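K.L.:
mmCIF, C-alpha atoms, saved as data-v1.cif, coming up:
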```
data_work
#
loop_
_atom_site.label_atom_id
_atom_site.label_comp_id
_atom_site.auth_asym_id
_atom_site.auth_seq_id
_atom_site.Cartn_x
_atom_site.Cartn_y
_atom_site.Cartn_z
CA MET A 1324 23.58 -23.58 -11.07
CA ARG A 1325 20.90 -24.35 -13.65
CA PRO A 1326 20.31 -21.41 -16.02
CA LEU A 1327 17.20 -19.43 -15.08
CA ALA A 1328 15.73 -19.71 -18.57
CA ALA A 1329 15.75 -23.50 -18.24
CA SER A 1330 14.10 -23.45 -14.85
CA VAL A 1331 11.11 -21.18 -15.43
CA THR A 1332 8.62 -24.03 -15.78
CA ALA A 1333 10.09 -26.01 -12.90
CA SER A 1334 10.08 -22.96 -10.66
CA MET A 1335 6.29 -22.79 -10.75
CA SER A 1336 6.14 -25.63 -8.21
CA VAL A 1337 8.97 -24.45 -5.92
CA ARG A 1338 8.00 -22.86 -2.61
CA LEU A 1339 10.05 -20.67 -0.29
CA ASN A 1340 9.07 -20.30 3.36
CA SER A 1341 5.64 -21.87 2.68
CA THR A 1342 4.51 -18.81 0.74
CA ALA A 1343 1.32 -19.38 -1.26
CA ALA A 1344 1.70 -20.59 -4.84
CA VAL A 1345 1.09 -18.10 -7.62
CA THR A 1346 0.47 -18.50 -11.33
CA VAL A 1347 1.78 -16.03 -13.88
CA PRO A 1348 -0.86 -15.18 -16.54
CA GLU A 1349 0.08 -16.56 -19.95
CA ASP A 1350 0.46 -13.16 -21.63
CA LEU A 1351 2.80 -11.90 -18.88
CA ARG A 1352 5.18 -14.84 -18.77
CA PRO A 1353 8.77 -13.86 -19.61
CA GLN A 1354 10.43 -15.04 -22.80
CA ALA A 1355 13.50 -17.24 -22.47
CA VAL A 1356 15.72 -14.54 -23.97
CA GLU A 1357 14.66 -12.15 -21.20
CA LEU A 1358 15.91 -14.62 -18.59
CA ALA A 1359 19.36 -15.25 -20.10
CA ASP A 1360 22.26 -15.57 -17.69
CA GLY A 1361 24.15 -12.43 -16.75
CA LYS A 1362 24.04 -9.31 -14.64
CA ILE A 1363 21.24 -6.78 -14.37
CA LYS A 1364 22.21 -3.22 -13.53
CA THR A 1365 19.66 -1.08 -11.71
CA LEU A 1366 19.65 2.32 -10.04
CA LEU A 1367 20.01 0.57 -6.68
CA GLY A 1368 22.67 -1.99 -7.53
CA GLU A 1369 23.58 -4.96 -9.72
CA PHE A 1370 21.95 -8.40 -9.62
CA ASP A 1371 22.97 -11.82 -10.87
CA VAL A 1372 20.09 -13.45 -12.74
CA ASN A 1373 20.92 -16.86 -11.25
CA ALA A 1374 21.36 -15.60 -7.69
CA PRO A 1375 18.01 -14.26 -6.48
CA PRO A 1376 17.93 -12.66 -3.03
CA ALA A 1377 16.70 -14.89 -0.22
CA ASN A 1378 12.99 -15.32 0.38
CA ILE A 1379 11.84 -14.31 -3.09
CA ARG A 1380 9.69 -16.89 -4.86
CA PRO A 1381 10.90 -18.11 -8.26
CA GLU A 1382 7.73 -16.96 -10.03
CA LEU A 1383 8.21 -13.40 -8.83
CA TRP A 1384 11.96 -13.46 -9.45
CA THR A 1385 11.50 -14.38 -13.11
CA MET A 1386 9.06 -11.48 -13.45
CA TYR A 1387 11.48 -9.12 -11.73
CA VAL A 1388 14.29 -10.15 -14.08
CA ALA A 1389 12.16 -9.79 -17.19
CA MET A 1390 10.78 -6.41 -16.15
CA LEU A 1391 14.16 -4.98 -15.20
CA ARG A 1392 15.55 -6.08 -18.55
CA ARG A 1393 12.59 -4.57 -20.36
CA MET A 1394 13.37 -1.27 -18.64
CA THR A 1395 16.98 -1.29 -19.83
CA PRO A 1396 17.58 1.63 -22.25
CA GLY A 1397 17.43 0.53 -25.88
CA VAL A 1398 15.44 -2.69 -25.44
CA VAL A 1399 12.48 -3.32 -27.72
CA TRP A 1400 10.46 -5.71 -25.55
CA GLN A 1401 7.06 -4.36 -24.56
CA LEU A 1402 6.65 -3.42 -20.91
CA LYS A 1403 3.15 -3.92 -19.51
CA GLN A 1404 1.69 -2.01 -16.58
CA ARG A 1405 -0.12 -5.20 -15.62
CA SER A 1406 3.24 -6.85 -14.84
CA LEU A 1407 3.96 -4.39 -12.04
CA ASN A 1408 0.39 -4.67 -10.77
CA TRP A 1409 0.65 -8.47 -10.78
CA ILE A 1410 3.86 -8.42 -8.75
CA LEU A 1411 2.42 -6.02 -6.17
CA PHE A 1412 -0.76 -8.08 -5.93
CA HIS A 1413 1.25 -11.21 -5.06
CA ALA A 1414 4.16 -9.79 -3.02
CA GLN A 1415 4.03 -11.28 0.47
CA ASN A 1416 7.13 -10.23 2.36
CA ARG A 1417 9.72 -7.49 2.76
CA GLU A 1418 12.22 -9.05 0.38
CA GLU A 1419 9.68 -9.23 -2.43
CA LEU A 1420 8.62 -5.64 -1.77
CA ASP A 1421 12.25 -4.48 -1.70
CA MET A 1422 12.61 -5.84 -5.24
CA ALA A 1423 9.33 -4.19 -6.24
CA PHE A 1424 10.71 -0.90 -4.92
CA ILE A 1425 13.81 -1.31 -7.09
CA MET A 1426 11.47 -1.73 -10.04
CA ALA A 1427 9.58 1.39 -8.96
CA GLU A 1428 12.84 3.36 -9.08
CA GLN A 1429 13.58 2.05 -12.57
CA TRP A 1430 9.95 2.51 -13.64
CA ARG A 1431 9.93 6.20 -12.79
CA ALA A 1432 13.40 6.76 -14.27
CA ARG A 1433 12.10 5.77 -17.73
CA PRO A 1434 9.68 7.59 -16.92
CA LEU A 1435 6.64 5.30 -16.95
CA PRO A 1436 3.20 6.15 -15.50
CA ILE A 1437 1.67 5.04 -12.23
CA THR A 1438 -2.09 4.50 -12.02
CA GLN A 1439 -4.58 4.74 -9.15
CA THR A 1440 -4.79 0.95 -9.19
CA THR A 1441 -1.01 0.56 -8.88
CA THR A 1442 -1.02 2.90 -5.88
CA LEU A 1443 -3.82 0.90 -4.29
CA LEU A 1444 -1.85 -2.32 -4.81
CA TRP A 1445 1.24 -0.72 -3.23
CA VAL A 1446 -0.80 0.10 -0.13
CA ARG A 1447 -2.31 -3.38 0.08
CA ALA A 1448 1.10 -5.03 -0.37
CA CYS A 1449 2.88 -2.89 2.22
CA ILE A 1450 0.17 -3.46 4.81
CA ARG A 1451 0.04 -7.19 4.02
CA ALA A 1452 3.81 -7.48 4.55
CA LYS A 1453 3.70 -5.14 7.59
CA TYR A 1454 6.17 -2.93 5.77
CA PRO A 1455 4.61 0.56 5.52
CA GLU A 1456 7.97 2.31 5.28
CA ILE A 1457 8.23 1.78 1.52
CA PHE A 1458 4.89 3.37 0.73
CA MET A 1459 5.60 6.23 3.16
CA LYS A 1460 8.86 6.92 1.32
CA MET A 1461 7.12 7.08 -2.05
CA LEU A 1462 4.15 9.03 -0.74
CA LEU A 1463 6.36 11.75 0.76
CA ASP A 1464 7.99 12.44 -2.63
CA ARG A 1465 5.16 12.96 -5.09
CA TRP A 1466 7.29 14.34 -7.88
CA LYS A 1467 9.77 11.46 -7.89
CA TYR A 1468 7.42 8.48 -7.49
CA ARG A 1469 4.23 9.99 -8.95
CA GLN A 1470 1.89 7.91 -6.82
CA MET A 1471 -1.79 8.53 -7.55
CA PRO A 1472 -3.78 7.92 -4.38
CA VAL A 1473 -7.47 8.67 -3.98
CA SER A 1474 -9.03 9.52 -0.62
CA LEU A 1475 -10.19 5.96 0.01
CA THR A 1476 -6.68 4.57 -0.58
CA LEU A 1477 -5.09 7.03 1.84
CA ALA A 1478 -7.81 6.41 4.41
CA HIS A 1479 -7.16 2.67 4.23
CA PHE A 1480 -3.44 3.27 4.74
CA ILE A 1481 -4.04 5.58 7.73
CA ARG A 1482 -6.38 3.08 9.37
CA SER A 1483 -3.93 0.25 8.73
CA LEU A 1484 -1.08 2.17 10.37
CA GLY A 1485 -3.15 2.25 13.54
CA SER A 1486 -3.84 -1.47 13.30
CA LEU A 1487 -0.15 -2.26 12.74
CA ALA A 1488 0.85 -0.18 15.76
CA ALA A 1489 -1.73 -1.85 17.99
CA GLU A 1490 -0.78 -5.31 16.76
CA SER A 1491 2.99 -4.94 17.01
CA GLY A 1492 3.21 -2.86 20.18
CA SER A 1493 6.46 -1.38 18.82
CA ASP A 1494 7.20 1.83 16.94
CA VAL A 1495 3.81 3.00 18.15
CA GLU A 1496 4.63 6.69 18.24
CA THR A 1497 6.29 6.55 14.82
CA LEU A 1498 3.26 4.87 13.27
CA LEU A 1499 0.96 7.35 14.99
CA ASP A 1500 3.01 10.22 13.58
CA ASP A 1501 2.96 8.57 10.16
CA ALA A 1502 -0.84 8.42 10.23
CA PHE A 1503 -0.94 12.19 10.78
CA ARG A 1504 1.70 12.74 8.09
CA VAL A 1505 -0.45 10.87 5.57
CA PHE A 1506 -3.50 12.89 6.64
CA ALA A 1507 -1.51 16.09 6.09
CA LEU A 1508 -0.64 14.95 2.55
CA TYR A 1509 -4.21 15.22 1.25
CA PRO A 1510 -3.71 18.80 -0.03
CA TYR A 1511 -0.27 17.85 -1.40
CA TYR A 1512 -2.04 15.36 -3.66
CA ASP A 1513 -4.92 17.75 -4.38
CA ILE A 1514 -7.37 15.53 -2.51
CA ALA A 1515 -10.19 17.10 -0.51
CA TYR A 1516 -10.65 16.05 3.10
CA ASP A 1517 -13.79 13.97 3.58
CA ALA A 1518 -15.49 11.72 6.11
CA ASP A 1519 -13.20 8.80 5.26
CA ALA A 1520 -10.10 10.91 5.89
CA TYR A 1521 -11.17 12.12 9.33
CA GLY A 1522 -12.79 8.82 10.18
CA ALA A 1523 -9.66 6.82 9.37
CA LEU A 1524 -7.46 9.16 11.43
CA VAL A 1525 -9.76 8.92 14.45
CA GLU A 1526 -10.01 5.14 14.10
CA ALA A 1527 -6.21 4.83 13.91
CA CYS A 1528 -5.82 6.85 17.11
CA CYS A 1529 -8.49 4.82 18.90
CA GLU A 1530 -6.85 1.59 17.75
CA ILE A 1531 -3.46 2.65 19.14
CA ASN A 1532 -5.15 3.95 22.31
CA THR A 1533 -2.17 5.37 24.16
CA ASP A 1534 -2.79 8.55 26.11
CA GLU A 1535 -1.17 10.56 23.32
CA ALA A 1536 -3.19 8.77 20.66
CA TRP A 1537 -6.39 9.41 22.60
CA ARG A 1538 -5.53 13.10 22.93
CA ARG A 1539 -5.04 13.29 19.17
CA ALA A 1540 -8.26 11.37 18.52
CA LEU A 1541 -10.18 14.00 20.45
CA LEU A 1542 -8.45 16.87 18.67
CA ALA A 1543 -9.02 15.37 15.21
CA SER A 1544 -12.66 14.55 15.90
CA GLU A 1545 -13.50 17.93 17.44
CA GLU A 1546 -12.03 19.69 14.42
CA THR A 1547 -14.76 18.22 12.25
CA LEU A 1548 -17.54 17.74 14.82
CA ALA A 1549 -17.62 21.51 15.26
CA HIS A 1550 -19.20 21.77 11.81
CA GLU A 1551 -22.95 21.56 11.26
CA THR A 1552 -22.39 18.56 9.00
CA PRO A 1553 -19.31 16.81 10.42
CA MET A 1554 -16.97 14.88 8.16
CA ILE A 1555 -16.60 11.66 10.10
CA THR A 1556 -17.67 8.05 9.71
CA LEU A 1557 -20.00 5.91 11.76
CA GLU A 1558 -17.11 3.55 12.58
CA ALA A 1559 -15.04 6.42 13.98
CA LEU A 1560 -17.85 7.61 16.23
CA ARG A 1561 -18.40 4.08 17.50
CA ALA A 1562 -14.66 3.82 18.23
CA LEU A 1563 -14.79 7.10 20.18
CA GLU A 1564 -17.86 5.89 22.07
CA ARG A 1565 -16.14 2.60 22.96
CA ARG A 1566 -12.90 4.19 24.13
CA SER A 1567 -14.75 6.87 26.10
CA THR A 1568 -16.69 4.16 27.93
CA GLU A 1569 -13.46 2.26 28.68
CA ARG A 1570 -11.93 5.46 30.07
CA GLY A 1571 -14.92 6.17 32.30
CA GLU A 1572 -16.06 9.21 30.30
CA SER A 1573 -19.77 8.45 30.25
CA GLU A 1574 -20.90 11.89 29.03
CA MET A 1575 -18.48 11.76 26.13
CA ALA A 1576 -19.58 8.23 25.28
CA GLU A 1577 -23.22 9.30 25.29
CA ARG A 1578 -22.44 12.23 22.99
CA TYR A 1579 -20.62 10.07 20.44
CA GLY A 1580 -23.36 7.44 20.59
CA SER A 1581 -25.96 10.10 19.90
CA LEU A 1582 -23.99 11.49 16.95
CA ALA A 1583 -23.67 7.99 15.51
CA LYS A 1584 -27.47 7.86 15.19
CA ARG A 1585 -27.58 10.82 12.83
CA SER A 1586 -28.74 9.96 9.32
CA ASP A 1587 -26.09 12.15 7.68
CA ILE A 1588 -23.15 10.23 9.16
CA PRO A 1589 -21.85 7.80 6.51
CA ALA A 1590 -20.28 4.40 6.97
CA ALA A 1591 -16.61 4.14 6.04
CA GLY A 1592 -15.91 3.55 2.36
CA LYS A 1593 -14.75 0.10 1.33
CA LEU A 1594 -11.93 -0.84 -1.01
CA PRO A 1595 -12.64 -3.34 -3.79
CA ALA A 1596 -12.89 -6.86 -2.42
CA GLU A 1597 -12.36 -8.84 -5.64
CA TYR A 1598 -9.45 -8.73 -8.08
CA ASP A 1599 -8.74 -10.49 -11.37
CA GLU A 1600 -5.71 -12.62 -12.30
CA TYR A 1601 -3.67 -9.47 -13.02
CA GLY A 1602 -4.38 -7.95 -9.62
CA LEU A 1603 -6.88 -5.46 -11.02
CA PRO A 1604 -10.09 -4.64 -9.09
CA THR A 1605 -13.15 -6.11 -10.75
CA VAL A 1606 -15.14 -2.97 -9.86
CA ALA A 1607 -14.16 0.68 -10.28
CA PHE A 1608 -13.12 2.72 -7.26
CA ASP A 1609 -12.35 6.41 -6.66
#
```
Show how you would write the structure in this file as C-alpha cells.

P.N.:
Amino acid sequence: MRPLAASVTASMSVRLNSTAAVTVPEDLRPQAVELADGKIKTLLGEFDVNAPPANIRPELWTMYVAMLRRMTPGVVWQLKQRSLNWILFHAQNREELDMAFIMAEQWRARPLPITQTTTLLWVRACIRAKYPEIFMKMLLDRWKYRQMPVSLTLAHFIRSLGSLAAESGSDVETLLDDAFRVFALYPYYDIAYDADAYGALVEACCEINTDEAWRRALLASEETLAHETPMITLEALRALERRSTERGESEMAERYGSLAKRSDIPAAGKLPAEYDEYGLPTVAFD
C-alpha cells in the first residue's frame, strides 16, 4: 500500500460512496511527518495509518490521523480547535462520526476545551448522519464530555429527534423518550427553559404523532399554556392546531389557532444558516 504521506495530495480527488468532495483549509493541512506510517493508539483502540476504516473519505482520514497524533502525550505539534470543528462540519456518515467520537474521547482526556460552536456542529453532524446516539451519549455525561449547548442548540436537537422518528418509522418510542430526556437536561446544563425549549418538544411530539406522542404533546403544552405569558412558539401552536384538526378536535384546534394570533408568541429561533471554510458560523448565536 502506498504510504499515506505520499498520497495526501492524490486523496483530495478520491471519492467514497459518492460523498461530496471537501477541501482542507491550507492552515489545517497535516504535515507529512504527522502522516508517517505506523500505528496510532487511542483510548478506544489502535489504528493502522494506512488502513482507514471503510466509508471514511481520505481527506477526513488524514485529518483524523494528524489530530490523533497531535493529541499523543509529549508531542509538540499545535492542535487547533478549528480542526475538530472542520471535521464535524464535513462528517457525513456514521463511520466518519465514529472516528470523530474517538477524537472526542482523546480530546477530553488531554483535557482540551469544547466550545458552543463545537457542540452545535456535533448536533448538526449527528442529525445529518441520522445518528443521534453519539450526541445523546455525550450530552448525558456533562462532566466527561463537557459539551456546551445553548437553548437553541438543544431545541434544534429535540425537534430533529421528532423528525427522525417520523421519517424512519422505527425506534419511535426511543426517540420520543430521548426528546424528553434532552428537555429534562436543561437544568443540568444550567439553561433556563424558554419558548424554544417547550416549542421544540411540542413540535417533536406532533411530528411523531402516535397516540402516546400526542398525549405528551398536550401535557407539555398545557404545562406552559397555563401561564399568563406561555413559553411556546408560533410553530408549536400551529402544529397543535393542525393535529387537533386531523383528530377531529375542533374546539382544541380553535383554541390553539386563537393563541397563535397573540402578539407575545414568538417564532422559533433559527440556527445560523451560513458557515465559513472552517465550519464556523458567520454570525454569532446564543

K.L.:
Could you tell me, as a JSON list (two decimals) with C-alpha atoms, in the coordinates of the input, exactly which residues end up selected when the PyMOL selection byres ((chain A and resi 1566) around 12) is applied to this structure?

P.N.:
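Now in out-v6.json:
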```json
[["chain", "number", "residue", "atom", "x", "y", "z"],
["A", 1525, "VAL", "CA", -9.76, 8.92, 14.45],
["A", 1526, "GLU", "CA", -10.01, 5.14, 14.10],
["A", 1528, "CYS", "CA", -5.82, 6.85, 17.11],
["A", 1529, "CYS", "CA", -8.49, 4.82, 18.90],
["A", 1530, "GLU", "CA", -6.85, 1.59, 17.75],
["A", 1531, "ILE", "CA", -3.46, 2.65, 19.14],
["A", 1532, "ASN", "CA", -5.15, 3.95, 22.31],
["A", 1533, "THR", "CA", -2.17, 5.37, 24.16],
["A", 1534, "ASP", "CA", -2.79, 8.55, 26.11],
["A", 1536, "ALA", "CA", -3.19, 8.77, 20.66],
["A", 1537, "TRP", "CA", -6.39, 9.41, 22.60],
["A", 1538, "ARG", "CA", -5.53, 13.10, 22.93],
["A", 1540, "ALA", "CA", -8.26, 11.37, 18.52],
["A", 1541, "LEU", "CA", -10.18, 14.00, 20.45],
["A", 1559, "ALA", "CA", -15.04, 6.42, 13.98],
["A", 1560, "LEU", "CA", -17.85, 7.61, 16.23],
["A", 1561, "ARG", "CA", -18.40, 4.08, 17.50],
["A", 1562, "ALA", "CA", -14.66, 3.82, 18.23],
["A", 1563, "LEU", "CA", -14.79, 7.10, 20.18],
["A", 1564, "GLU", "CA", -17.86, 5.89, 22.07],
["A", 1565, "ARG", "CA", -16.14, 2.60, 22.96],
["A", 1567, "SER", "CA", -14.75, 6.87, 26.10],
["A", 1568, "THR", "CA", -16.69, 4.16, 27.93],
["A", 1569, "GLU", "CA", -13.46, 2.26, 28.68],
["A", 1570, "ARG", "CA", -11.93, 5.46, 30.07],
["A", 1571, "GLY", "CA", -14.92, 6.17, 32.30],
["A", 1572, "GLU", "CA", -16.06, 9.21, 30.30],
["A", 1573, "SER", "CA", -19.77, 8.45, 30.25],
["A", 1575, "MET", "CA", -18.48, 11.76, 26.13],
["A", 1576, "ALA", "CA", -19.58, 8.23, 25.28],
["A", 1577, "GLU", "CA", -23.22, 9.30, 25.29],
["A", 1579, "TYR", "CA", -20.62, 10.07, 20.44],
["A", 1580, "GLY", "CA", -23.36, 7.44, 20.59]]
```

K.L.:
Calculate how many Å separate atom CA of A:Pro1595 from atom CA of A:Tyr1387, rounding to one decimal.

P.N.:
26.0 Å

K.L.:
Could you jot down the atom CA of A:Leu1508 to atom CA of A:His1413 separation for me, Å, one decimal place?

P.N.:
27.3 Å

K.L.:
Where does the PyMOL selection byres ((chain A and resi 1521) around 8) land in this file, that is, which residues does it pick, as a PyMOL selection string?

P.N.:
chain A and resi 1516-1520+1522-1525+1543-1544+1547+1554-1556

K.L.:
So how far away is atom CA of A:Ala1590 from atom CA of A:Leu1557, in Å?

P.N.:
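Atom-to-atom, atom CA of A:Leu1557 and atom CA of A:Ala1590 are spaced 5.0 Å apart.
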
K.L.:
Step by step, work through what the PyMOL selection byres ((chain A and resi 1513) around 12) selects in the shown file, and finish by giving those residues as a ChimeraX atom specification.

P.N.:
/A:1465,1471-1474,1507-1512,1514-1516

K.L.:
With a distance cut-off of 9 Å and only C-alpha atoms, select the neighbouring residues of A:Met1386, excluding the residue or stretch itself and same-chain residues fewer than 2 positions from it, and output the selection as a PyMOL selection string.

P.N.:
chain A and resi 1347+1351-1353+1381-1384+1388-1391+1406-1407+1410

K.L.:
I want to know what sits within 9 Å of A:Ala1596, based on all atoms listed in the file, with residues of the same chain fewer than 4 positions away left out; could you give that as a PDB file with C-alpha atoms, keeping the file's coordinate frame?

P.N.:
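Full text of out.pdb as output:
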```pdb
ATOM      1  CA  PRO A1604     -10.090  -4.640  -9.090  1.00  0.00           C
ATOM      2  CA  THR A1605     -13.150  -6.110 -10.750  1.00  0.00           C
ATOM      3  CA  VAL A1606     -15.140  -2.970  -9.860  1.00  0.00           C
TER       4      VAL A1606
END
```

K.L.:
Using only C-alpha atoms for the distances, tell me which of A:Ser1581, A:Gln1404, A:Ser1586, A:Gln1470 is nearest to A:Leu1603.

P.N.:
A:Gln1404

K.L.:
Check the smallest atom-to-atom distance from each of A:Ile1379, A:Ala1591, A:Ala1427, A:Ala1374 to A:Thr1476 using all atoms listed in the file, then report the winner.

P.N.:
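Among the listed residues, the smallest separation from A:Thr1476 belongs to A:Ala1591.
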
K.L.:
When distances are computed from all atoms listed in the file, which of A:Ile1450, A:Val1495, A:Leu1444, A:Ala1549 shows the smallest separation from A:Tyr1598?

P.N.:
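Of A:Ile1450, A:Val1495, A:Leu1444, A:Ala1549, the one nearest A:Tyr1598 is A:Leu1444, counting all atoms listed in the file.
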
K.L.:
Pick out the closest residue to A:Leu1499 from this set: A:Gln1354, A:Ser1483, A:Thr1552, A:Asn1373. Count only C-alpha atoms.

P.N.:
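Looking at the shortest contact to A:Leu1499, the residue is A:Ser1483.
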
K.L.:
With 5 Å added on each side, what axis-aligned box encloses every listed atom of stretch 1410-1421 of chain A? Give the centre and edge lengths in Å to one decimal, as lines of an AutoDock Vina configuration file.

P.N.:
```
center_x = 5.7
center_y = -7.9
center_z = -3.0
size_x = 23.0
size_y = 16.8
size_z = 21.5
```

K.L.:
Measuring between all atoms listed in the file, which one of A:Asn1378, A:Ser1493, A:Thr1385, A:Gln1429 shows the shortest distance to A:Thr1346?

P.N.:
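Looking only at the distances to A:Thr1346, the closest residue turns out to be A:Thr1385.
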